[in-house]
$ cat data13.txt   # compact mmCIF, C-alpha atoms
# COMPACT_ATOMS: atom_id res chain seq x y z
CA MET A 1377 21.69 89.19 102.92
CA GLY A 1378 24.84 89.09 105.05
CA ILE A 1379 25.30 86.94 108.12
CA LEU A 1380 24.87 89.85 110.53
CA ASP A 1381 21.43 90.51 109.05
CA ASN A 1382 20.38 87.09 110.34
CA PHE A 1383 20.76 88.42 113.89
CA ARG A 1384 18.34 91.32 113.34
CA LEU A 1385 14.87 91.28 114.90
CA ASP A 1386 13.28 94.12 112.97
CA GLY A 1387 9.49 93.88 112.83
CA LYS A 1388 9.36 91.27 115.61
CA THR A 1389 7.48 91.46 118.90
CA ALA A 1390 8.89 89.80 122.02
CA VAL A 1391 6.96 88.95 125.19
CA VAL A 1392 9.43 88.93 128.09
CA THR A 1393 8.55 87.99 131.67
CA GLY A 1394 10.59 89.36 134.56
CA CYS A 1395 11.26 92.50 132.51
CA SER A 1396 11.70 95.00 135.33
CA ARG A 1397 15.18 94.08 136.51
CA GLY A 1398 18.07 91.65 136.35
CA LEU A 1399 18.38 89.20 133.50
CA GLY A 1400 14.91 89.92 132.15
CA GLN A 1401 15.66 93.61 131.87
CA GLY A 1402 18.99 92.93 130.18
CA ILE A 1403 17.30 90.63 127.68
CA CYS A 1404 14.58 93.21 126.93
CA ILE A 1405 17.19 95.84 126.16
CA ALA A 1406 19.24 93.49 123.98
CA LEU A 1407 16.19 92.41 121.95
CA ALA A 1408 15.18 96.03 121.44
CA GLU A 1409 18.68 97.00 120.32
CA ALA A 1410 18.44 94.15 117.77
CA GLY A 1411 15.20 95.62 116.44
CA ALA A 1412 12.30 94.05 118.37
CA ASP A 1413 9.40 95.77 120.09
CA VAL A 1414 8.90 94.44 123.61
CA PHE A 1415 5.83 93.52 125.64
CA GLY A 1416 7.11 93.27 129.19
CA VAL A 1417 5.59 91.37 132.10
CA GLY A 1418 6.58 92.10 135.69
CA GLN A 1419 5.36 92.34 139.26
CA ALA A 1420 6.28 95.98 139.81
CA VAL A 1421 3.83 98.82 139.28
CA ALA A 1422 6.01 100.03 136.42
CA ALA A 1423 9.22 99.19 134.61
CA ASP A 1424 10.43 102.71 134.00
CA GLU A 1425 14.12 101.96 133.55
CA THR A 1426 13.39 99.16 131.09
CA ARG A 1427 11.02 101.43 129.19
CA THR A 1428 13.58 104.23 128.99
CA ARG A 1429 16.32 101.97 127.64
CA ILE A 1430 14.02 100.39 125.04
CA GLU A 1431 12.69 103.73 123.85
CA GLU A 1432 16.27 105.03 123.64
CA ALA A 1433 16.86 102.15 121.21
CA GLY A 1434 13.97 103.46 119.13
CA LYS A 1435 11.57 100.62 119.88
CA GLN A 1436 8.16 100.36 121.53
CA PHE A 1437 7.61 99.00 125.04
CA VAL A 1438 4.26 98.00 126.51
CA TYR A 1439 4.08 96.78 130.10
CA ILE A 1440 1.65 94.67 132.12
CA ALA A 1441 1.84 93.78 135.80
CA ALA A 1442 1.07 90.15 136.64
CA ASP A 1443 1.75 87.80 139.53
CA LEU A 1444 3.11 84.64 137.91
CA VAL A 1445 2.85 82.50 141.02
CA SER A 1446 -0.37 81.47 139.23
CA HIS A 1447 -0.67 80.84 135.51
CA GLU A 1448 -4.07 82.56 135.53
CA PRO A 1449 -2.70 85.80 133.94
CA THR A 1450 -1.37 83.93 130.89
CA ALA A 1451 -4.38 84.46 128.61
CA ARG A 1452 -4.63 88.11 129.65
CA ILE A 1453 -0.93 88.65 128.89
CA PHE A 1454 -1.19 87.35 125.35
CA GLU A 1455 -4.46 89.14 124.68
CA ALA A 1456 -2.86 92.42 125.75
CA ALA A 1457 0.28 91.76 123.69
CA LEU A 1458 -1.82 91.05 120.60
CA ASP A 1459 -3.94 94.13 121.21
CA ALA A 1460 -0.78 96.22 121.35
CA PHE A 1461 1.26 94.71 118.52
CA LYS A 1462 -1.12 92.45 116.53
CA HIS A 1463 1.39 89.57 116.54
CA VAL A 1464 3.86 87.83 118.85
CA ASP A 1465 7.05 86.31 117.48
CA ILE A 1466 9.26 85.67 120.52
CA LEU A 1467 8.63 84.54 124.09
CA VAL A 1468 11.29 84.80 126.78
CA ASN A 1469 10.40 83.18 130.11
CA SER A 1470 12.80 85.05 132.39
CA ALA A 1471 10.68 85.44 135.53
CA GLY A 1472 11.86 83.21 138.35
CA ILE A 1473 12.19 83.02 142.12
CA ILE A 1474 14.41 81.11 144.54
CA ARG A 1475 13.99 80.02 148.17
CA ARG A 1476 16.95 78.84 150.23
CA ASN A 1477 16.79 76.42 153.17
CA ALA A 1478 18.10 73.02 154.17
CA SER A 1479 16.04 70.25 152.60
CA VAL A 1480 15.13 68.85 156.05
CA ASP A 1481 13.52 72.21 156.91
CA PHE A 1482 12.07 73.13 153.51
CA THR A 1483 8.40 74.13 153.61
CA GLU A 1484 5.58 73.19 151.28
CA ALA A 1485 4.93 76.87 150.57
CA ASP A 1486 8.53 77.40 149.45
CA TRP A 1487 8.29 74.31 147.28
CA ASP A 1488 4.97 75.29 145.66
CA ASP A 1489 5.77 78.96 145.05
CA VAL A 1490 9.03 78.21 143.24
CA ILE A 1491 7.63 75.34 141.17
CA ASN A 1492 4.58 77.43 140.25
CA VAL A 1493 6.55 80.42 138.98
CA ASN A 1494 9.60 78.69 137.53
CA LEU A 1495 7.98 75.67 135.90
CA LYS A 1496 4.18 75.57 135.92
CA THR A 1497 3.53 79.12 134.73
CA LEU A 1498 6.50 78.84 132.36
CA PHE A 1499 4.85 75.84 130.70
CA PHE A 1500 1.51 77.58 130.25
CA MET A 1501 3.26 80.66 128.84
CA CYS A 1502 4.98 78.35 126.35
CA GLN A 1503 1.66 76.71 125.55
CA ALA A 1504 0.01 80.06 124.87
CA ALA A 1505 2.91 81.16 122.68
CA GLY A 1506 2.96 77.85 120.82
CA ARG A 1507 -0.75 78.09 120.06
CA GLN A 1508 -0.33 81.64 118.80
CA PHE A 1509 2.70 80.79 116.67
CA ILE A 1510 0.86 77.86 115.07
CA LYS A 1511 -2.14 80.11 114.40
CA GLN A 1512 0.09 82.77 112.80
CA LYS A 1513 1.78 80.10 110.60
CA GLY A 1514 5.08 81.94 110.70
CA GLY A 1515 7.09 79.98 113.22
CA GLY A 1516 8.35 81.55 116.40
CA LYS A 1517 11.03 81.54 119.05
CA ILE A 1518 10.72 80.49 122.69
CA ILE A 1519 13.62 81.05 125.10
CA ASN A 1520 13.40 79.65 128.61
CA ILE A 1521 15.79 80.69 131.35
CA ALA A 1522 17.23 77.56 132.91
CA SER A 1523 20.23 77.45 135.27
CA MET A 1524 23.50 75.71 136.02
CA LEU A 1525 21.33 73.70 138.38
CA SER A 1526 19.60 72.28 135.34
CA TYR A 1527 22.82 70.22 135.18
CA GLN A 1528 23.90 70.12 138.83
CA GLY A 1529 22.24 69.48 142.16
CA GLY A 1530 23.35 72.46 144.19
CA ILE A 1531 22.55 72.74 147.91
CA ARG A 1532 19.76 74.30 149.97
CA VAL A 1533 17.54 75.11 146.97
CA PRO A 1534 15.55 71.90 146.35
CA SER A 1535 12.54 73.48 144.65
CA TYR A 1536 14.74 75.71 142.51
CA THR A 1537 16.89 72.78 141.40
CA ALA A 1538 13.80 70.71 140.61
CA SER A 1539 12.22 73.55 138.65
CA LYS A 1540 15.31 74.34 136.60
CA GLY A 1541 15.95 70.68 135.82
CA GLY A 1542 12.38 70.61 134.61
CA VAL A 1543 12.87 73.71 132.48
CA ARG A 1544 15.75 72.09 130.60
CA THR A 1545 13.92 68.85 129.81
CA LEU A 1546 10.61 70.60 129.12
CA THR A 1547 12.46 72.76 126.60
CA MET A 1548 13.60 69.58 124.85
CA LEU A 1549 10.09 68.10 124.81
CA LEU A 1550 8.48 71.24 123.38
CA ALA A 1551 11.18 71.47 120.72
CA ASN A 1552 10.42 67.88 119.73
CA GLU A 1553 6.71 68.65 119.35
CA TRP A 1554 6.86 72.09 117.75
CA ALA A 1555 9.87 72.07 115.43
CA GLN A 1556 7.50 70.84 112.69
CA TYR A 1557 5.76 74.24 112.87
CA GLY A 1558 8.98 76.22 112.52
CA ILE A 1559 8.98 76.97 116.25
CA ASN A 1560 12.38 76.91 117.95
CA VAL A 1561 12.35 76.19 121.69
CA ASN A 1562 15.68 76.62 123.44
CA ALA A 1563 17.00 77.74 126.81
CA ILE A 1564 19.80 79.70 128.43
CA ALA A 1565 21.50 78.46 131.60
CA PRO A 1566 23.04 81.50 133.31
CA GLY A 1567 25.90 81.01 135.72
CA TYR A 1568 26.46 83.09 138.82
CA MET A 1569 25.00 86.46 137.87
CA SER A 1570 25.05 89.76 139.68
CA THR A 1571 21.29 89.98 140.25
CA ASP A 1572 18.85 90.19 143.16
CA ASN A 1573 18.85 86.38 143.47
CA THR A 1574 22.56 86.39 144.42
CA VAL A 1575 22.69 89.37 146.78
CA ALA A 1576 23.19 87.15 149.83
CA LEU A 1577 25.91 85.09 148.13
CA ARG A 1578 27.82 88.16 146.96
CA ALA A 1579 27.57 89.70 150.43
CA ASP A 1580 29.19 86.62 151.99
CA ALA A 1581 32.89 87.26 151.36
CA GLU A 1582 33.96 83.65 151.92
CA ARG A 1583 31.23 82.17 149.75
CA SER A 1584 31.73 84.77 147.02
CA ARG A 1585 35.47 84.07 146.88
CA ALA A 1586 34.85 80.31 146.65
CA ILE A 1587 32.48 80.88 143.74
CA LEU A 1588 34.83 83.23 141.90
CA ASP A 1589 37.75 80.84 142.38
CA ARG A 1590 35.84 78.22 140.40
CA ILE A 1591 34.72 80.48 137.53
CA PRO A 1592 37.43 80.49 134.81
CA ALA A 1593 36.33 83.97 133.72
CA GLY A 1594 37.05 85.18 137.26
CA ARG A 1595 33.97 87.36 137.69
CA TRP A 1596 30.25 87.35 138.31
CA GLY A 1597 28.16 87.55 135.17
CA SER A 1598 25.93 90.49 134.28
CA PRO A 1599 22.54 90.77 132.58
CA GLN A 1600 24.37 92.10 129.52
CA ASP A 1601 26.27 88.82 129.26
CA VAL A 1602 23.00 86.99 128.64
CA GLY A 1603 21.74 89.48 126.05
CA GLY A 1604 23.83 88.16 123.17
CA ALA A 1605 22.66 84.58 123.66
CA ALA A 1606 19.06 85.79 123.84
CA VAL A 1607 19.34 87.75 120.59
CA PHE A 1608 20.95 84.75 118.89
CA LEU A 1609 18.21 82.35 120.00
CA ALA A 1610 15.49 84.85 119.07
CA SER A 1611 16.90 85.48 115.60
CA PRO A 1612 16.95 83.62 112.26
CA ALA A 1613 20.61 82.81 112.98
CA SER A 1614 19.38 80.02 115.30
CA ASP A 1615 16.76 78.51 112.99
CA TYR A 1616 18.37 75.05 113.09
CA ILE A 1617 18.88 74.95 116.87
CA ASN A 1618 16.14 73.03 118.67
CA GLY A 1619 15.84 71.91 122.27
CA PHE A 1620 19.29 73.01 123.42
CA THR A 1621 20.30 74.82 126.61
CA ILE A 1622 23.21 77.22 126.18
CA ALA A 1623 25.33 77.83 129.28
CA VAL A 1624 26.35 81.46 129.85
CA ASP A 1625 28.42 80.82 132.93
CA GLY A 1626 31.98 82.08 132.52
CA GLY A 1627 33.11 78.47 132.20
CA TRP A 1628 31.66 77.16 135.47
CA LEU A 1629 30.31 73.94 133.97
CA ALA A 1630 33.61 73.30 132.20
CA ARG A 1631 35.46 72.95 135.52
$ encode --input "data13.txt" --output "structure tokens"
Amino acid sequence: MGILDNFRLDGKTAVVTGCSRGLGQGICIALAEAGADVFGVGQAVAADETRTRIEEAGKQFVYIAADLVSHEPTARIFEAALDAFKHVDILVNSAGIIRRNASVDFTEADWDDVINVNLKTLFFMCQAAGRQFIKQKGGGKIINIASMLSYQGGIRVPSYTASKGGVRTLTMLLANEWAQYGINVNAIAPGYMSTDNTVALRADAERSRAILDRIPAGRWGSPQDVGGAAVFLASPASDYINGFTIAVDGGWLAR
């Protein structure tokens, strides 16, 4: 078997949260193009564009709507995924929200909502996947979406920074516990991406220019830029990578 075969995901099923748009959608498409069927989780009534792109790649897509501000849907998500595909091999926790305000004015609701989606529900999704992988006795791959703010403080996003710092260290802890079962838990830290979360920043000409001036690559990232890292971490090519967070940031953290 050649090295490129190690990046194939044929016969695998991936559960991906936040599948309807942005990074989650880009990851779904990349995994499908590498050979995986996809069970997508989103808040929208449908994920038609994601479905179309996956089916164009010749793979199956099953969708469920769930509000991840609570971890209550977790069991239902995995039951539905198993009903559809009989096994789950990959989990990508891409769903996330952000709230911006000065820390002196930040509300409890904005704190709780972000922590619940970005960290609490993410943990229980990991737990459900870990239990299933151990039951299947075939290993598995978990990919969490962290952030540059897993390494930096940022400004005006206290709950987001706290959640993404937690994602990075939680990824390390789960890798420590589950590597013995052949389960790889890793994360991706996207840089400044052209997604819904950055609409306000990109619309602010002065702020956008300041950001671009610091990025060595000289551009905003795209969902496609994250797809390669996701395929790598979901594939056998990453079997000896445990608990690491890969920055996909155009060089931002190197500055």
$ residues_around --input "data13.txt" --residues "A:Arg1590" --least-positions-apart "4" --cutoff "12 Å" --atoms "all atoms listed in the file" --output "list in words"
Gly1567, Tyr1568, Arg1583, Ser1584, Arg1585, Ala1586, Gly1594, Arg1595, Trp1596, Asp1625, Gly1626, Gly1627, Trp1628, Leu1629, Ala1630 and Arg1631 of chain A
$ closest_residue --input "data13.txt" --among "A:Ile1531, A:Ala1410, A:Ala1423, A:Leu1588" --to "A:Thr1389" --atoms "only C-alpha atoms"
A:Ala1410
$ closest_residue --input "data13.txt" --among "A:Thr1483, A:Leu1458, A:Phe1499, A:Pro1592" --to "A:Arg1544" --atoms "only C-alpha atoms"
A:Phe1499
$ atom_distance --input "data13.txt" --atom1 "atom CA of A:Asp1459" --atom2 "atom CA of A:His1447"
19.8 Å
$ closest_residue --input "data13.txt" --among "A:Thr1450, A:Asn1552, A:Thr1621, A:Gln1436" --to "A:Leu1525" --atoms "only C-alpha atoms"
A:Thr1621
$ residues_around --input "data13.txt" --residues "stretch 1428-1431 of chain A" --least-positions-apart "6" --cutoff "12 Å" --atoms "all atoms listed in the file" --output "VMD selection string"
chain A and resid 1395 to 1397 1401 to 1416 1422 1437 to 1439
$ atom_distance --input "data13.txt" --atom1 "atom CA of A:Val1493" --atom2 "atom CA of A:Gly1472"
6.0 Å
$ residues_around --input "data13.txt" --residues "A:Leu1444" --least-positions-apart "5" --cutoff "10 Å" --atoms "only C-alpha atoms" --output "MDAnalysis selection string"
chainID A and resid 1393:1394 1417:1419 1449:1450 1471:1472 1489 1492:1494 1496:1498 1501
$ closest_residue --input "data13.txt" --among "A:Ile1564, A:Val1602, A:Leu1549, A:Ala1505" --to "A:Gly1619" --atoms "all atoms listed in the file"
A:Leu1549
$ residues_near_point --input "data13.txt" --point "(7.2, 83.8, 117.1)" --cutoff "6 Å" --atoms "only C-alpha atoms" --output "PyMOL selection string"
chain A and resi 1464-1466+1509+1515-1517
$ atom_distance --input "data13.txt" --atom1 "atom CA of A:Ala1551" --atom2 "atom CA of A:Asn1618"
5.6 Å
$ axis_aligned_box --input "data13.txt" --around "stretch 1401-1404 of chain A" --padding-each-side "4 Å" --output "AutoDock Vina command-line options"
--center_x 16.8 --center_y 92.1 --center_z 129.4 --size_x 12.4 --size_y 11.0 --size_z 12.9
$ residues_around --input "data13.txt" --residues "A:Asp1381" --least-positions-apart "3" --cutoff "12 Å" --atoms "only C-alpha atoms" --output "list in words"
Met1377, Gly1378, Arg1384, Leu1385, Asp1386, Ala1410, Gly1411, Phe1608, Ser1611, Pro1612 and Ala1613 of chain A
$ closest_residue --input "data13.txt" --among "A:Ala1442, A:Thr1574, A:Ile1559, A:Pro1566" --to "A:Tyr1616" --atoms "all atoms listed in the file"
A:Ile1559
$ closest_residue --input "data13.txt" --among "A:Ala1610, A:Ile1491, A:Ala1504, A:Ile1587" --to "A:Thr1537" --atoms "only C-alpha atoms"
A:Ile1491
$ residues_around --input "data13.txt" --residues "A:Ser1570" --least-positions-apart "4" --cutoff "8 Å" --atoms "only C-alpha atoms" --output "JSON, numbers by chain"
{"A": [1398, 1574, 1575, 1578, 1596, 1597, 1598, 1599]}
$ write_last_selection --input "data13.txt" --atoms "C-alpha atoms" --output "PDB file, keeping the file's coordinate frame"
ATOM      1  CA  GLY A1398      18.070  91.650 136.350  1.00  0.00           C
ATOM      2  CA  THR A1574      22.560  86.390 144.420  1.00  0.00           C
ATOM      3  CA  VAL A1575      22.690  89.370 146.780  1.00  0.00           C
ATOM      4  CA  ARG A1578      27.820  88.160 146.960  1.00  0.00           C
ATOM      5  CA  TRP A1596      30.250  87.350 138.310  1.00  0.00           C
ATOM      6  CA  GLY A1597      28.160  87.550 135.170  1.00  0.00           C
ATOM      7  CA  SER A1598      25.930  90.490 134.280  1.00  0.00           C
ATOM      8  CA  PRO A1599      22.540  90.770 132.580  1.00  0.00           C
TER       9      PRO A1599
END
$ residues_near_point --input "data13.txt" --point "(4.3, 75.1, 116.6)" --cutoff "7 Å" --atoms "all atoms listed in the file" --output "list in words"
Gly1506, Arg1507, Phe1509, Ile1510, Gly1515, Trp1554, Ala1555, Gln1556, Tyr1557, Gly1558 and Ile1559 of chain A
